[in-house]
file coords-v7.tsv (TSV, C-alpha atoms)
chain	number	residue	atom	x	y	z
D	1374	MET	CA	42.97	182.99	-28.80
D	1375	THR	CA	43.97	186.11	-26.91
D	1376	ASP	CA	45.47	185.90	-23.44
D	1377	ASN	CA	42.16	187.05	-21.89
D	1378	PHE	CA	40.27	184.14	-23.37
D	1379	LYS	CA	43.04	181.69	-22.54
D	1380	ILE	CA	42.79	182.66	-18.87
D	1381	ILE	CA	38.99	182.48	-18.94
D	1382	TYR	CA	39.25	179.06	-20.56
D	1383	LYS	CA	41.67	177.92	-17.81
D	1384	ILE	CA	39.33	179.18	-15.08
D	1385	LEU	CA	36.32	177.42	-16.57
D	1386	THR	CA	38.35	174.26	-17.16
D	1387	ALA	CA	39.37	174.22	-13.48
D	1388	PHE	CA	35.72	174.53	-12.48
D	1389	GLU	CA	34.76	171.75	-14.89
D	1390	LYS	CA	37.41	169.47	-13.39
D	1391	SER	CA	36.18	170.41	-9.91
D	1392	LEU	CA	32.90	168.62	-10.61
D	1393	ASP	CA	34.69	165.44	-9.46
D	1394	ILE	CA	35.92	167.06	-6.21
D	1395	SER	CA	33.73	167.47	-3.14
D	1396	ASP	CA	35.56	170.57	-1.82
D	1397	PHE	CA	37.00	172.80	-4.55
D	1398	ASP	CA	39.69	175.27	-3.43
D	1399	LEU	CA	39.78	178.56	-5.35
D	1400	ASN	CA	43.52	178.74	-4.65
D	1401	GLU	CA	43.91	176.16	-7.41
D	1402	ILE	CA	43.29	179.01	-9.84
D	1403	SER	CA	44.97	181.88	-8.02
D	1404	ALA	CA	46.21	185.02	-9.71
D	1405	ASP	CA	49.81	183.90	-9.14
D	1406	LYS	CA	49.23	180.51	-10.76
D	1407	LEU	CA	47.55	182.17	-13.75
D	1408	GLY	CA	50.26	184.84	-14.02
D	1409	ILE	CA	47.87	187.78	-13.68
D	1410	SER	CA	47.05	190.42	-11.08
D	1411	GLN	CA	44.49	189.77	-8.34
D	1412	THR	CA	42.46	192.70	-9.68
D	1413	ARG	CA	42.30	191.14	-13.14
D	1414	LEU	CA	41.34	187.76	-11.68
D	1415	THR	CA	38.52	189.35	-9.68
D	1416	LYS	CA	37.23	191.10	-12.80
D	1417	TYR	CA	37.32	187.84	-14.76
D	1418	PHE	CA	35.28	186.19	-12.01
D	1419	GLN	CA	32.81	189.07	-12.05
D	1420	MET	CA	32.42	188.74	-15.82
D	1421	LEU	CA	31.98	184.96	-15.61
D	1422	VAL	CA	29.34	185.26	-12.88
D	1423	ASN	CA	27.53	188.05	-14.77
D	1424	ALA	CA	27.54	185.93	-17.93
D	1425	ASP	CA	26.04	183.03	-15.92
D	1426	TYR	CA	29.08	180.78	-16.56
D	1427	LEU	CA	29.74	180.35	-12.81
D	1428	SER	CA	27.48	180.26	-9.77
D	1429	GLY	CA	28.03	180.24	-6.01
D	1430	ILE	CA	30.42	183.19	-6.15
D	1431	SER	CA	29.84	186.65	-4.75
D	1432	PHE	CA	31.96	189.72	-4.17
D	1433	ARG	CA	32.53	191.98	-1.19
D	1434	GLU	CA	34.53	195.17	-0.83
D	1435	ASN	CA	36.98	194.96	2.07
D	1436	ILE	CA	38.15	197.83	4.29
D	1437	THR	CA	41.05	198.63	1.94
D	1438	GLY	CA	38.64	199.05	-0.98
D	1439	GLU	CA	39.70	195.86	-2.75
D	1440	ILE	CA	37.09	193.36	-3.90
D	1441	ASP	CA	37.21	189.93	-2.27
D	1442	ILE	CA	35.91	186.83	-4.04
D	1443	ILE	CA	33.53	184.88	-1.80
D	1444	ALA	CA	32.99	181.28	-2.89
D	1445	GLU	CA	30.12	179.31	-1.38
D	1446	ASN	CA	29.74	176.06	-3.28
D	1447	PRO	CA	31.20	177.48	-6.52
D	1448	LEU	CA	30.05	175.66	-9.61
D	1449	ILE	CA	30.34	175.87	-13.36
D	1450	THR	CA	26.91	176.24	-14.97
D	1451	ILE	CA	25.45	174.55	-18.04
D	1452	LYS	CA	26.22	177.75	-19.92
D	1453	GLY	CA	29.85	177.56	-18.76
D	1454	LEU	CA	30.08	173.93	-19.89
D	1455	GLU	CA	28.66	174.91	-23.29
D	1456	TYR	CA	31.32	177.63	-23.59
D	1457	LEU	CA	34.06	175.09	-22.88
D	1458	SER	CA	32.63	172.64	-25.38
D	1459	GLU	CA	32.29	175.21	-28.16
D	1460	ASN	CA	35.75	176.63	-27.57
D	1461	SER	CA	37.49	173.26	-27.44
D	1462	ILE	CA	35.97	172.50	-30.86
D	1463	MET	CA	37.16	175.89	-32.16
D	1464	GLN	CA	40.68	175.23	-30.82
D	1465	ARG	CA	40.83	171.89	-32.62
D	1466	MET	CA	39.63	173.50	-35.85
D	1467	TYR	CA	42.25	176.25	-35.49
D	1468	LYS	CA	45.04	173.73	-34.91
D	1469	THR	CA	43.89	171.66	-37.88
D	1470	ALA	CA	43.74	174.72	-40.15
D	1471	LYS	CA	47.16	175.85	-38.94
D	1472	GLY	CA	48.57	172.37	-39.62
D	1473	ILE	CA	47.15	172.39	-43.13
D	1474	LYS	CA	48.60	175.87	-43.74
D	1475	ASP	CA	52.02	174.70	-42.51
D	1476	ILE	CA	51.91	171.68	-44.86
D	1477	ILE	CA	50.99	173.86	-47.86
D	1478	ASN	CA	53.78	176.35	-47.12

call {"tool": "encode", "arguments": {"input": "coords-v7.tsv", "output": "structure tokens"}}
result
Amino acid sequence: MTDNFKIIYKILTAFEKSLDISDFDLNEISADKLGISQTRLTKYFQMLVNADYLSGISFRENITGEIDIIAENPLITIKGLEYLSENSIMQRMYKTAKGIKDIIN
């Protein structure tokens, strides 16, 4: 998995875990914690919202020209949950295949 998809997976995983929390704080998945720029994080969020993986998130340009992430009841969607499910299966298959390769070599 490339770094882009690892970060996207981490974001979606945080939202999935937030289903058990009444008040989810976006700072739990800040750019600093993910080791990326704020601009990159904003673009990931825009992609995830546009792909219908997240809802309750909008964007607003501030006076400095940067895009702010506005979260009003942010939530992972069914489509986002499906993405997580499919990719966790793929990760397990990859690890199994890699383990088999290591045994053969």

call {"tool": "atom_distance", "arguments": {"input": "coords-v7.tsv", "atom1": "CA of Glu1439 (chain D)", "atom2": "CA of Glu1389 (chain D)"}}
result
27.4 Å

call {"tool": "closest_residue", "arguments": {"input": "coords-v7.tsv", "among": "D:Asn1377, D:Ser1431, D:Ser1458, D:Thr1450", "to": "Arg1413 (chain D)", "atoms": "only C-alpha atoms"}}
result
D:Asn1377

call {"tool": "residues_around", "arguments": {"input": "coords-v7.tsv", "residues": "region 1399-1403 of chain D", "least_positions_apart": "6", "cutoff": "12 Å", "atoms": "all atoms listed in the file", "output": "PDB file with C-alpha atoms, keeping the file's coordinate frame"}}
result
ATOM      1  CA  ILE D1380      42.790 182.660 -18.870  1.00  0.00           C
ATOM      2  CA  ILE D1381      38.990 182.480 -18.940  1.00  0.00           C
ATOM      3  CA  TYR D1382      39.250 179.060 -20.560  1.00  0.00           C
ATOM      4  CA  LYS D1383      41.670 177.920 -17.810  1.00  0.00           C
ATOM      5  CA  ILE D1384      39.330 179.180 -15.080  1.00  0.00           C
ATOM      6  CA  LEU D1385      36.320 177.420 -16.570  1.00  0.00           C
ATOM      7  CA  THR D1386      38.350 174.260 -17.160  1.00  0.00           C
ATOM      8  CA  ALA D1387      39.370 174.220 -13.480  1.00  0.00           C
ATOM      9  CA  PHE D1388      35.720 174.530 -12.480  1.00  0.00           C
ATOM     10  CA  LYS D1390      37.410 169.470 -13.390  1.00  0.00           C
ATOM     11  CA  SER D1391      36.180 170.410  -9.910  1.00  0.00           C
ATOM     12  CA  ILE D1409      47.870 187.780 -13.680  1.00  0.00           C
ATOM     13  CA  SER D1410      47.050 190.420 -11.080  1.00  0.00           C
ATOM     14  CA  GLN D1411      44.490 189.770  -8.340  1.00  0.00           C
ATOM     15  CA  THR D1412      42.460 192.700  -9.680  1.00  0.00           C
ATOM     16  CA  ARG D1413      42.300 191.140 -13.140  1.00  0.00           C
ATOM     17  CA  LEU D1414      41.340 187.760 -11.680  1.00  0.00           C
ATOM     18  CA  THR D1415      38.520 189.350  -9.680  1.00  0.00           C
ATOM     19  CA  TYR D1417      37.320 187.840 -14.760  1.00  0.00           C
ATOM     20  CA  PHE D1418      35.280 186.190 -12.010  1.00  0.00           C
ATOM     21  CA  GLY D1429      28.030 180.240  -6.010  1.00  0.00           C
ATOM     22  CA  ILE D1430      30.420 183.190  -6.150  1.00  0.00           C
ATOM     23  CA  ILE D1442      35.910 186.830  -4.040  1.00  0.00           C
ATOM     24  CA  ILE D1443      33.530 184.880  -1.800  1.00  0.00           C
ATOM     25  CA  ALA D1444      32.990 181.280  -2.890  1.00  0.00           C
ATOM     26  CA  GLU D1445      30.120 179.310  -1.380  1.00  0.00           C
ATOM     27  CA  ASN D1446      29.740 176.060  -3.280  1.00  0.00           C
ATOM     28  CA  PRO D1447      31.200 177.480  -6.520  1.00  0.00           C
ATOM     29  CA  LEU D1448      30.050 175.660  -9.610  1.00  0.00           C
TER      30      LEU D1448
END

call {"tool": "atom_distance", "arguments": {"input": "coords-v7.tsv", "atom1": "CA of Lys1452 (chain D)", "atom2": "CA of Asn1423 (chain D)"}}
result
11.6 Å

call {"tool": "residues_around", "arguments": {"input": "coords-v7.tsv", "residues": "Gly1453 (chain D)", "least_positions_apart": "5", "cutoff": "8 Å", "atoms": "only C-alpha atoms", "output": "PyMOL selection string"}}
result
chain D and resi 1385+1425-1427
